[in-house]
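Visitor: Coordinates in data27.cif, mmCIF, C-alpha atoms, are listed below.
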data_work
loop_
_atom_site.group_PDB
_atom_site.id
_atom_site.type_symbol
_atom_site.label_atom_id
_atom_site.label_comp_id
_atom_site.auth_asym_id
_atom_site.auth_seq_id
_atom_site.Cartn_x
_atom_site.Cartn_y
_atom_site.Cartn_z
ATOM 1 C CA MET A 229 0.000 0.000 0.000
ATOM 2 C CA ASN A 230 1.524 3.314 -0.940
ATOM 3 C CA GLN A 231 0.883 6.721 0.538
ATOM 4 C CA ASN A 232 -1.783 7.801 -1.911
ATOM 5 C CA VAL A 233 -3.848 4.680 -1.482
ATOM 6 C CA PHE A 234 -3.607 5.066 2.248
ATOM 7 C CA ILE A 235 -4.677 8.707 2.196
ATOM 8 C CA GLU A 236 -7.620 7.792 0.025
ATOM 9 C CA LEU A 237 -8.591 5.041 2.418
ATOM 10 C CA VAL A 238 -8.298 7.272 5.444
ATOM 11 C CA ASN A 239 -9.797 10.500 4.152
ATOM 12 C CA PRO A 240 -13.484 9.569 4.522
ATOM 13 C CA PHE A 241 -13.186 9.059 8.265
ATOM 14 C CA LYS A 242 -10.274 11.281 9.197
ATOM 15 C CA ASP A 243 -12.588 14.057 10.372
ATOM 16 C CA LYS A 244 -14.688 11.607 12.345
ATOM 17 C CA VAL A 245 -11.579 10.511 14.178
ATOM 18 C CA PHE A 246 -10.766 14.142 14.846
ATOM 19 C CA ARG A 247 -14.231 14.950 16.147
ATOM 20 C CA LEU A 248 -14.298 11.931 18.432
ATOM 21 C CA ALA A 249 -10.902 12.916 19.785
ATOM 22 C CA LYS A 250 -12.143 16.439 20.298
ATOM 23 C CA ARG A 251 -15.216 15.194 22.104
ATOM 24 C CA LEU A 252 -13.069 13.334 24.605
ATOM 25 C CA LEU A 253 -9.996 15.515 24.848
ATOM 26 C CA THR A 254 -10.115 19.100 25.920
ATOM 27 C CA SER A 255 -8.529 21.135 23.180
ATOM 28 C CA THR A 256 -8.369 21.246 19.409
ATOM 29 C CA GLU A 257 -4.603 20.846 19.516
ATOM 30 C CA GLU A 258 -4.809 17.717 21.571
ATOM 31 C CA ALA A 259 -7.428 16.358 19.221
ATOM 32 C CA GLU A 260 -5.174 17.088 16.236
ATOM 33 C CA ASP A 261 -2.337 15.258 17.934
ATOM 34 C CA ALA A 262 -4.548 12.307 18.678
ATOM 35 C CA THR A 263 -5.722 12.191 15.062
ATOM 36 C CA GLN A 264 -2.164 12.232 13.863
ATOM 37 C CA GLU A 265 -1.192 9.536 16.293
ATOM 38 C CA VAL A 266 -3.996 7.258 15.178
ATOM 39 C CA MET A 267 -3.198 7.831 11.502
ATOM 40 C CA VAL A 268 0.468 7.050 12.006
ATOM 41 C CA LYS A 269 -0.441 3.898 13.923
ATOM 42 C CA LEU A 270 -2.694 2.875 11.053
ATOM 43 C CA TRP A 271 0.034 3.635 8.546
ATOM 44 C CA ASN A 272 2.475 1.474 10.456
ATOM 45 C CA LYS A 273 -0.047 -1.317 10.326
ATOM 46 C CA LYS A 274 -0.559 -0.880 6.618
ATOM 47 C CA GLU A 275 0.612 -4.368 5.677
ATOM 48 C CA ASN A 276 -2.101 -5.930 7.813
ATOM 49 C CA LEU A 277 -4.859 -3.446 7.055
ATOM 50 C CA ASN A 278 -6.382 -5.738 4.458
ATOM 51 C CA ASP A 279 -7.037 -8.299 7.172
ATOM 52 C CA TYR A 280 -9.496 -5.962 8.820
ATOM 53 C CA ASN A 281 -12.781 -5.823 7.001
ATOM 54 C CA ASN A 282 -13.703 -2.465 8.489
ATOM 55 C CA VAL A 283 -10.778 -0.099 8.774
ATOM 56 C CA GLU A 284 -13.016 2.776 9.814
ATOM 57 C CA ALA A 285 -14.310 0.890 12.838
ATOM 58 C CA LEU A 286 -10.758 -0.058 13.681
ATOM 59 C CA ALA A 287 -9.673 3.562 13.479
ATOM 60 C CA MET A 288 -12.549 4.720 15.663
ATOM 61 C CA THR A 289 -11.764 2.058 18.251
ATOM 62 C CA MET A 290 -8.124 3.066 18.254
ATOM 63 C CA THR A 291 -9.104 6.699 18.666
ATOM 64 C CA LYS A 292 -11.426 5.929 21.553
ATOM 65 C CA ASN A 293 -8.819 3.868 23.351
ATOM 66 C CA TYR A 294 -6.052 6.341 22.681
ATOM 67 C CA CYS A 295 -8.081 9.265 24.023
ATOM 68 C CA LEU A 296 -9.193 7.396 27.113
ATOM 69 C CA ASP A 297 -5.569 6.466 27.779
ATOM 70 C CA GLN A 298 -4.570 10.085 27.342
ATOM 71 C CA LEU A 299 -7.233 11.176 29.787
ATOM 72 C CA LYS A 300 -6.178 8.561 32.296
ATOM 73 C CA SER A 301 -2.570 9.640 32.190
ATOM 74 C CA LYS A 302 -3.449 13.308 32.446
ATOM 75 C CA ARG A 303 -6.297 13.249 34.886
ATOM 76 C CA ALA A 304 -4.025 13.093 37.885
ATOM 77 C CA GLY A 305 -2.084 16.253 37.136
ATOM 78 C CA ASN A 306 -3.650 18.619 34.697
ATOM 79 C CA LEU A 307 -6.390 21.113 35.043
ATOM 80 C CA GLN A 308 -9.019 20.755 32.363
ATOM 81 C CA ILE A 309 -9.376 23.623 30.003
ATOM 82 C CA VAL A 310 -12.768 23.872 28.417
ATOM 83 C CA HIS A 311 -12.636 24.852 24.804
ATOM 84 C CA ASN A 312 -15.303 26.865 23.127
ATOM 85 C CA ASN A 313 -14.517 26.729 19.481
ATOM 86 C CA PHE A 314 -18.077 26.297 18.366
ATOM 87 C CA THR A 315 -18.696 29.893 17.466
ATOM 88 C CA ASP A 316 -20.984 30.706 14.641
ATOM 89 C CA ARG A 317 -20.191 33.155 11.887
ATOM 90 C CA GLU A 318 -23.637 33.394 10.312
ATOM 91 C CA PRO A 319 -25.726 36.579 10.169
ATOM 92 C CA GLN A 320 -28.901 37.312 12.167
ATOM 93 C CA LEU A 321 -26.828 38.231 15.141
ATOM 94 C CA ASP A 322 -29.444 38.547 17.850
ATOM 95 C CA ARG A 323 -30.971 35.191 17.115
ATOM 96 C CA LYS A 324 -27.657 33.501 16.535
ATOM 97 C CA LEU A 325 -26.175 34.872 19.698
ATOM 98 C CA GLU A 326 -28.880 33.265 21.720
ATOM 99 C CA ASP A 327 -28.510 30.039 19.784
ATOM 100 C CA ALA A 328 -24.771 29.939 20.198
ATOM 101 C CA ASP A 329 -25.299 30.387 23.863
ATOM 102 C CA SER A 330 -27.608 27.413 24.094
ATOM 103 C CA LEU A 331 -25.314 25.355 21.865
ATOM 104 C CA GLU A 332 -22.581 26.024 24.350
ATOM 105 C CA TRP A 333 -24.933 24.806 27.006
ATOM 106 C CA VAL A 334 -25.398 21.546 25.175
ATOM 107 C CA GLU A 335 -21.669 21.210 24.851
ATOM 108 C CA LYS A 336 -21.156 21.762 28.547
ATOM 109 C CA ILE A 337 -23.830 19.259 29.427
ATOM 110 C CA ILE A 338 -22.393 16.613 27.140
ATOM 111 C CA ASN A 339 -18.927 17.197 28.538
ATOM 112 C CA GLN A 340 -20.246 16.391 31.969
ATOM 113 C CA LEU A 341 -21.428 12.952 30.916
ATOM 114 C CA PRO A 342 -19.245 9.909 31.602
ATOM 115 C CA GLU A 343 -16.792 9.265 28.761
ATOM 116 C CA GLN A 344 -18.501 6.097 27.631
ATOM 117 C CA LEU A 345 -21.763 7.987 27.086
ATOM 118 C CA GLN A 346 -19.925 10.826 25.361
ATOM 119 C CA VAL A 347 -18.464 8.345 22.921
ATOM 120 C CA LEU A 348 -21.892 6.901 22.198
ATOM 121 C CA ILE A 349 -23.493 10.301 21.710
ATOM 122 C CA GLN A 350 -20.665 11.296 19.418
ATOM 123 C CA LEU A 351 -20.863 8.132 17.344
ATOM 124 C CA ARG A 352 -24.634 8.026 17.078
ATOM 125 C CA ASP A 353 -25.984 11.545 17.222
ATOM 126 C CA VAL A 354 -23.129 13.336 15.540
ATOM 127 C CA GLU A 355 -21.554 10.799 13.207
ATOM 128 C CA GLN A 356 -24.763 8.821 12.754
ATOM 129 C CA TYR A 357 -23.268 5.361 12.761
ATOM 130 C CA GLU A 358 -25.644 2.416 12.716
ATOM 131 C CA PHE A 359 -25.885 0.487 15.967
ATOM 132 C CA GLU A 360 -24.191 -2.453 14.336
ATOM 133 C CA GLU A 361 -21.131 -0.329 13.567
ATOM 134 C CA ILE A 362 -21.080 1.252 17.011
ATOM 135 C CA ALA A 363 -21.143 -2.224 18.515
ATOM 136 C CA LYS A 364 -17.966 -3.026 16.610
ATOM 137 C CA ILE A 365 -16.259 0.190 17.647
ATOM 138 C CA VAL A 366 -16.995 0.162 21.355
ATOM 139 C CA ASN A 367 -17.236 -3.606 21.714
ATOM 140 C CA MET A 368 -20.650 -3.642 23.389
ATOM 141 C CA ASN A 369 -23.825 -5.376 22.283
ATOM 142 C CA GLU A 370 -26.556 -3.382 20.591
ATOM 143 C CA THR A 371 -29.062 -3.574 23.400
ATOM 144 C CA ALA A 372 -26.562 -2.249 25.902
ATOM 145 C CA ILE A 373 -25.743 0.569 23.509
ATOM 146 C CA ARG A 374 -29.404 1.504 23.124
ATOM 147 C CA VAL A 375 -29.911 1.517 26.865
ATOM 148 C CA ALA A 376 -26.801 3.605 27.506
ATOM 149 C CA LEU A 377 -27.677 5.987 24.692
ATOM 150 C CA SER A 378 -31.177 6.431 26.039
ATOM 151 C CA ARG A 379 -29.728 7.232 29.432
ATOM 152 C CA ALA A 380 -27.336 9.774 27.931
ATOM 153 C CA ARG A 381 -30.073 11.462 25.896
ATOM 154 C CA LYS A 382 -32.380 11.657 28.868
ATOM 155 C CA LYS A 383 -29.640 13.208 30.948
ATOM 156 C CA ILE A 384 -29.058 15.813 28.279
ATOM 157 C CA ARG A 385 -32.790 16.498 28.100
ATOM 158 C CA GLU A 386 -33.052 16.796 31.851
ATOM 159 C CA SER A 387 -30.189 19.265 32.062
ATOM 160 C CA MET A 388 -31.519 21.226 29.086
ATOM 161 C CA VAL A 389 -34.979 21.491 30.578
ATOM 162 C CA ASN A 390 -33.491 22.691 33.827
ATOM 163 C CA ALA A 391 -31.405 25.266 32.000
ATOM 164 C CA HIS A 392 -34.296 26.293 29.768
ATOM 165 C CA SER A 393 -36.760 26.894 32.562
ATOM 166 C CA TYR A 394 -34.252 28.318 34.956
ATOM 167 C CA GLY A 395 -35.906 30.981 37.072
ATOM 168 C CA ILE A 396 -39.384 30.172 35.785
ATOM 169 C CA ARG A 397 -40.163 27.262 37.994
ATOM 170 C CA MET B 256 -48.209 19.592 10.323
ATOM 171 C CA GLU B 257 -47.117 16.299 11.701
ATOM 172 C CA LEU B 258 -46.551 17.476 15.240
ATOM 173 C CA ASP B 259 -47.888 14.209 16.583
ATOM 174 C CA LYS B 260 -45.427 12.330 14.498
ATOM 175 C CA ILE B 261 -42.526 14.451 15.684
ATOM 176 C CA GLU B 262 -43.507 14.007 19.297
ATOM 177 C CA ASN B 263 -43.733 10.317 18.675
ATOM 178 C CA ILE B 264 -40.278 10.111 17.171
ATOM 179 C CA LEU B 265 -38.918 12.310 19.920
ATOM 180 C CA GLU B 266 -40.222 9.907 22.546
ATOM 181 C CA LYS B 267 -38.640 7.009 20.688
ATOM 182 C CA TYR B 268 -35.442 9.006 20.415
ATOM 183 C CA PHE B 269 -35.134 9.289 24.155
ATOM 184 C CA GLN B 270 -35.736 5.566 24.458
ATOM 185 C CA GLY B 271 -32.833 4.965 22.095
ATOM 186 C CA GLU B 272 -35.058 3.299 19.527
ATOM 187 C CA THR B 273 -34.971 5.633 16.558
ATOM 188 C CA THR B 274 -33.369 4.803 13.239
ATOM 189 C CA ILE B 275 -30.898 7.076 11.515
ATOM 190 C CA ALA B 276 -33.647 8.220 9.138
ATOM 191 C CA GLU B 277 -35.914 9.194 12.012
ATOM 192 C CA GLU B 278 -33.113 11.030 13.725
ATOM 193 C CA ASN B 279 -32.490 12.942 10.533
ATOM 194 C CA GLN B 280 -36.167 13.858 10.476
ATOM 195 C CA LEU B 281 -35.799 15.276 13.958
ATOM 196 C CA LYS B 282 -32.710 17.218 12.987
ATOM 197 C CA GLU B 283 -34.495 18.622 10.000
ATOM 198 C CA TYR B 284 -37.547 19.568 12.016
ATOM 199 C CA PHE B 285 -35.577 21.288 14.733
ATOM 200 C CA SER B 286 -33.451 23.201 12.267
ATOM 201 C CA SER B 287 -36.553 24.641 10.616
ATOM 202 C CA SER B 288 -37.972 27.965 11.707
ATOM 203 C CA ASP B 289 -41.368 26.824 12.992
ATOM 204 C CA VAL B 290 -40.716 24.625 15.948
ATOM 205 C CA ALA B 291 -43.671 24.209 18.298
ATOM 206 C CA GLN B 292 -43.390 26.273 21.455
ATOM 207 C CA HIS B 293 -43.254 23.371 23.859
ATOM 208 C CA LEU B 294 -40.539 21.626 21.847
ATOM 209 C CA GLU B 295 -38.360 24.710 21.604
ATOM 210 C CA GLN B 296 -36.099 23.438 24.363
ATOM 211 C CA TYR B 297 -34.841 20.536 22.224
ATOM 212 C CA LYS B 298 -33.753 22.784 19.434
ATOM 213 C CA PRO B 299 -30.223 23.433 20.700
ATOM 214 C CA ILE B 300 -29.526 19.733 21.168
ATOM 215 C CA PHE B 301 -30.106 18.871 17.549
ATOM 216 C CA GLY B 302 -28.587 22.125 16.394
ATOM 217 C CA TYR B 303 -25.482 21.252 18.304
ATOM 218 C CA PHE B 304 -25.174 17.806 16.749
ATOM 219 C CA SER B 305 -25.405 19.219 13.255
ATOM 220 C CA GLN B 306 -22.923 21.941 14.005
ATOM 221 C CA VAL B 307 -20.321 19.712 15.583
ATOM 222 C CA LYS B 308 -20.387 17.506 12.531
ATOM 223 C CA GLN B 309 -19.094 20.424 10.452
ATOM 224 C CA GLN B 310 -15.765 20.447 12.230
ATOM 225 C CA LYS B 311 -12.825 19.304 10.214
ATOM 226 C CA SER B 312 -9.306 18.406 11.035
ATOM 227 C CA THR B 313 -7.048 20.910 9.320
ATOM 228 C CA GLN B 314 -3.844 19.037 9.851
ATOM 229 C CA GLU B 315 -2.002 17.047 7.264
ATOM 230 C CA ILE B 316 -1.200 13.456 8.014
ATOM 231 C CA PRO B 317 2.553 13.239 8.476
ATOM 232 C CA LEU B 318 3.123 9.797 7.056
ATOM 233 C CA LYS B 319 6.325 9.811 5.128
ATOM 234 C CA THR B 320 8.307 11.988 7.506
ATOM 235 C CA LYS B 321 8.076 9.720 10.507
ATOM 236 C CA LYS B 322 8.739 6.659 8.423
ATOM 237 C CA ARG B 323 11.713 8.344 6.826
ATOM 238 C CA ASN B 324 13.232 9.204 10.167
ATOM 239 C CA VAL B 325 13.206 5.599 11.201
ATOM 240 C CA ALA B 326 14.812 4.563 7.935
ATOM 241 C CA TRP B 327 17.534 7.203 8.201
ATOM 242 C CA LEU B 328 18.133 6.277 11.797
ATOM 243 C CA SER B 329 18.735 2.655 10.918
ATOM 244 C CA ILE B 330 21.015 3.622 8.049
ATOM 245 C CA ALA B 331 23.027 5.890 10.335
ATOM 246 C CA ALA B 332 23.211 3.197 12.986
ATOM 247 C CA SER B 333 24.442 0.573 10.548
ATOM 248 C CA VAL B 334 27.081 2.982 9.211
ATOM 249 C CA VAL B 335 28.352 3.551 12.742
ATOM 250 C CA VAL B 336 28.452 -0.175 13.425
ATOM 251 C CA LEU B 337 30.260 -0.862 10.156
ATOM 252 C CA LEU B 338 32.815 1.843 10.900
ATOM 253 C CA GLY B 339 33.370 0.424 14.370
ATOM 254 C CA VAL B 340 33.845 -3.115 13.141
ATOM 255 C CA GLY B 341 36.058 -1.859 10.306
ATOM 256 C CA THR B 342 38.412 0.118 12.548
ATOM 257 C CA TYR B 343 38.557 -2.740 15.033
ATOM 258 C CA LEU B 344 39.531 -5.227 12.350
ATOM 259 C CA PHE B 345 42.023 -2.755 10.883
ATOM 260 C CA VAL B 346 43.712 -2.140 14.246
ATOM 261 C CA SER B 347 43.793 -5.800 15.264
ATOM 262 C CA GLU B 348 45.238 -6.757 11.867
ATOM 263 C CA LYS B 349 48.076 -4.327 12.508
ATOM 264 C CA ASN B 350 48.695 -5.762 15.967
ATOM 265 C CA ALA B 351 48.627 -9.350 14.753
ATOM 266 C CA ALA B 352 51.512 -8.635 12.413
ATOM 267 C CA GLN B 353 53.814 -8.191 15.395
ATOM 268 C CA PRO B 354 54.947 -11.288 17.372
ATOM 269 C CA VAL B 355 53.588 -9.876 20.589
ATOM 270 C CA ALA B 356 51.213 -12.797 21.001
ATOM 271 C CA GLN B 357 54.012 -15.345 21.433
ATOM 272 C CA SER B 358 55.348 -13.882 24.652
ATOM 273 C CA GLU B 359 51.849 -13.680 26.077
ATOM 274 C CA LEU B 360 51.008 -17.362 25.606
ATOM 275 C CA GLY B 361 53.331 -18.568 28.383
ATOM 276 C CA THR B 362 55.816 -20.397 26.163
ATOM 277 C CA TYR B 363 58.933 -21.853 27.750
ATOM 278 C CA ASP B 364 62.327 -21.675 26.179
ATOM 279 C CA ASP B 365 63.938 -24.301 28.438
ATOM 280 C CA PRO B 366 62.648 -27.895 27.734
ATOM 281 C CA GLU B 367 63.214 -29.006 31.360
ATOM 282 C CA GLU B 368 61.067 -26.254 32.674
ATOM 283 C CA ALA B 369 58.449 -26.996 30.085
ATOM 284 C CA LEU B 370 58.280 -30.656 31.117
ATOM 285 C CA LYS B 371 57.779 -29.733 34.774
ATOM 286 C CA ALA B 372 55.073 -27.291 33.985
ATOM 287 C CA THR B 373 53.281 -29.793 31.749
ATOM 288 C CA GLN B 374 53.436 -32.508 34.398
ATOM 289 C CA LYS B 375 52.077 -30.138 36.973
ATOM 290 C CA ALA B 376 49.207 -29.193 34.721
ATOM 291 C CA LEU B 377 48.360 -32.817 33.903
ATOM 292 C CA ALA B 378 48.496 -33.787 37.594
ATOM 293 C CA LEU B 379 46.087 -31.010 38.426
ATOM 294 C CA LEU B 380 43.761 -32.196 35.734
ATOM 295 C CA SER B 381 43.812 -35.861 36.790
ATOM 296 C CA ASN B 382 43.273 -34.932 40.427
ATOM 297 C CA ASN B 383 40.200 -33.023 39.534
ATOM 298 C CA VAL B 384 38.902 -35.834 37.376
ATOM 299 C CA ASN B 385 39.378 -38.266 40.286
ATOM 300 C CA VAL B 386 37.382 -36.040 42.569
ATOM 301 C CA GLY B 387 34.591 -36.310 40.075
ATOM 302 C CA ILE B 388 34.787 -40.100 39.888
ATOM 303 C CA GLU B 389 34.746 -40.465 43.663
ATOM 304 C CA SER B 390 31.438 -38.796 43.990
ATOM 305 C CA VAL B 391 30.016 -40.817 41.146
ATOM 306 C CA GLN B 392 30.909 -44.020 42.981
ATOM 307 C CA TYR B 393 28.226 -43.315 45.558
ATOM 308 C CA ILE B 394 25.739 -44.060 42.864
ATOM 309 C CA ASN B 395 27.045 -47.623 42.685
ATOM 310 C CA GLU B 396 26.096 -48.057 46.342
ATOM 311 C CA TYR B 397 22.586 -47.028 45.526
ATOM 312 C CA GLU B 398 22.499 -49.436 42.668
ATOM 313 C CA GLN B 399 23.557 -52.321 44.929
ATOM 314 C CA SER B 400 21.037 -51.632 47.636
ATOM 315 C CA LYS B 401 18.359 -51.213 45.015
ATOM 316 C CA ASN B 402 19.177 -54.641 43.614
ATOM 317 C CA LYS B 403 18.946 -56.104 47.134
ATOM 318 C CA ILE B 404 15.457 -54.805 47.595
ATOM 319 C CA PHE B 405 14.046 -55.301 44.156
ATOM 320 C CA LYS B 406 15.206 -58.776 43.296
ATOM 321 C CA GLN B 407 14.599 -59.733 39.780
#
As structure tokens, how would this structure be written, given the file I've shared?

Guide:
Amino acid sequence: MNQNVFIELVNPFKDKVFRLAKRLLTSTEEAEDATQEVMVKLWNKKENLNDYNNVEALAMTMTKNYCLDQLKSKRAGNLQIVHNNFTDREPQLDRKLEDADSLEWVEKIINQLPEQLQVLIQLRDVEQYEFEEIAKIVNMNETAIRVALSRARKKIRESMVNAHSYGIR
Amino acid sequence: MELDKIENILEKYFQGETTIAEENQLKEYFSSSDVAQHLEQYKPIFGYFSQVKQQKSTQEIPLKTKKRNVAWLSIAASVVVLLGVGTYLFVSEKNAAQPVAQSELGTYDDPEEALKATQKALALLSNNVNVGIESVQYINEYEQSKNKIFKQ
């Protein structure tokens, strides 16, 4: 496998790897590093890549594990820095400002979920993988994934409702 | 329009039972401008999902560089090793040309002296061999007593 073939193979899911890394890690830079790391690991495996029937799932699994390892090694020492790179550059300022604010809320709420649930939300609600694929990536069965996902979504809803009706009730 | 339907899907969504198509329907509905008042609170959730998906990694994948480094490193290492072996062989070749080795091997010039030294060395050797045999002889004892007990 030469470089071009590899790039072509990797390109469709490179951004997904990046977004999953960004979901779990705290800054864009860290996520970029993680993406790079995963890609280089894949590249080093290139002779065996044909043995895997789903390279994308493999990459996502590697990303998940890599990020969780990173978090484990850092959790002891480092302070978490919350990134807010989700700013919107569209017009209709007044409306958008309010929206951006609530989008940030969602982000904060999701960041407070346990990592396992964050991964599931990322894979399902953002990347829209089928349950079958998620099962391969996180190595859980589909029922367990559905249950966990339902729990995560309900938690998000609960926190959103609280935030939405803050001061009313 | 199909508010009932949306509420239905939404309920399923929170149970984790929606399909991708249904989730897309939700996303579409909540990104439109006329979201029912009581569902307004879900708007940011779906908006957020769509927005996050726009993010892209801007970095290039540094494939060749890392690989190259390893290759160069191994080439450099083998050059160093070759140089080391080469100089060692070169130097030892030079040394071998001189008859230094002879004096270091403990050679005797006087035959009498040589005989004595050889005898001494052989005696030492045979002594040590005898020590070995002595301890092996115990085994014979075992063999005898074993034969006494287990008579064939």

Visitor: Figure out the distance between atom CA of B:Glu295 and atom CA of A:Val334, please, to one decimal in Å.

Guide: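 These atoms are spaced 13.8 Å apart.
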
Visitor: For chain A, list the residues within 7 Å of chain B, counting only C-alpha atoms, and write the list as a PyMOL selection string.

Guide: chain A and resi 243+246-247+260+264+267-268+327+330-331+334+353-356+374-375+377-378+381-382+388-389+392

Visitor: Would you output that residue set with C-alpha atoms, as a PDB file, in the coordinates of the input?

Guide:
ATOM      1  CA  ASP A 243     -12.588  14.057  10.372  1.00  0.00           C
ATOM      2  CA  PHE A 246     -10.766  14.142  14.846  1.00  0.00           C
ATOM      3  CA  ARG A 247     -14.231  14.950  16.147  1.00  0.00           C
ATOM      4  CA  GLU A 260      -5.174  17.088  16.236  1.00  0.00           C
ATOM      5  CA  GLN A 264      -2.164  12.232  13.863  1.00  0.00           C
ATOM      6  CA  MET A 267      -3.198   7.831  11.502  1.00  0.00           C
ATOM      7  CA  VAL A 268       0.468   7.050  12.006  1.00  0.00           C
ATOM      8  CA  ASP A 327     -28.510  30.039  19.784  1.00  0.00           C
ATOM      9  CA  SER A 330     -27.608  27.413  24.094  1.00  0.00           C
ATOM     10  CA  LEU A 331     -25.314  25.355  21.865  1.00  0.00           C
ATOM     11  CA  VAL A 334     -25.398  21.546  25.175  1.00  0.00           C
ATOM     12  CA  ASP A 353     -25.984  11.545  17.222  1.00  0.00           C
ATOM     13  CA  VAL A 354     -23.129  13.336  15.540  1.00  0.00           C
ATOM     14  CA  GLU A 355     -21.554  10.799  13.207  1.00  0.00           C
ATOM     15  CA  GLN A 356     -24.763   8.821  12.754  1.00  0.00           C
ATOM     16  CA  ARG A 374     -29.404   1.504  23.124  1.00  0.00           C
ATOM     17  CA  VAL A 375     -29.911   1.517  26.865  1.00  0.00           C
ATOM     18  CA  LEU A 377     -27.677   5.987  24.692  1.00  0.00           C
ATOM     19  CA  SER A 378     -31.177   6.431  26.039  1.00  0.00           C
ATOM     20  CA  ARG A 381     -30.073  11.462  25.896  1.00  0.00           C
ATOM     21  CA  LYS A 382     -32.380  11.657  28.868  1.00  0.00           C
ATOM     22  CA  MET A 388     -31.519  21.226  29.086  1.00  0.00           C
ATOM     23  CA  VAL A 389     -34.979  21.491  30.578  1.00  0.00           C
ATOM     24  CA  HIS A 392     -34.296  26.293  29.768  1.00  0.00           C
TER      25      HIS A 392
END

Visitor: Please write the residues picked by the PyMOL selection byres ((chain A and resi 249) around 8) on this file as a list in words.

Guide: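 So the PyMOL selection byres ((chain A and resi 249) around 8) ends up selecting Val245, Phe246, Arg247, Leu248, Lys250, Arg251, Leu252, Leu253, Glu258, Ala259, Glu260, Ala262, Thr263, Thr291, Lys292 and Cys295 of chain A.
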
Visitor: Atom CA of A:Glu361 and atom CA of A:Ser301, how far apart in Å?

Guide: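 Spanning atom CA of A:Ser301 to atom CA of A:Glu361 is a straight-line distance of 28.1 Å.
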
Visitor: Give, as lines of an AutoDock Vina configuration file, the centre coordinates and the x, y and z edge lengths in Å to one decimal for an axis-aligned box around all listed atoms of stretch 370-382 of chain A, padded by 5 Å on each side.

Guide:
center_x = -29.1
center_y = 4.0
center_z = 25.0
size_x = 16.6
size_y = 25.2
size_z = 18.8
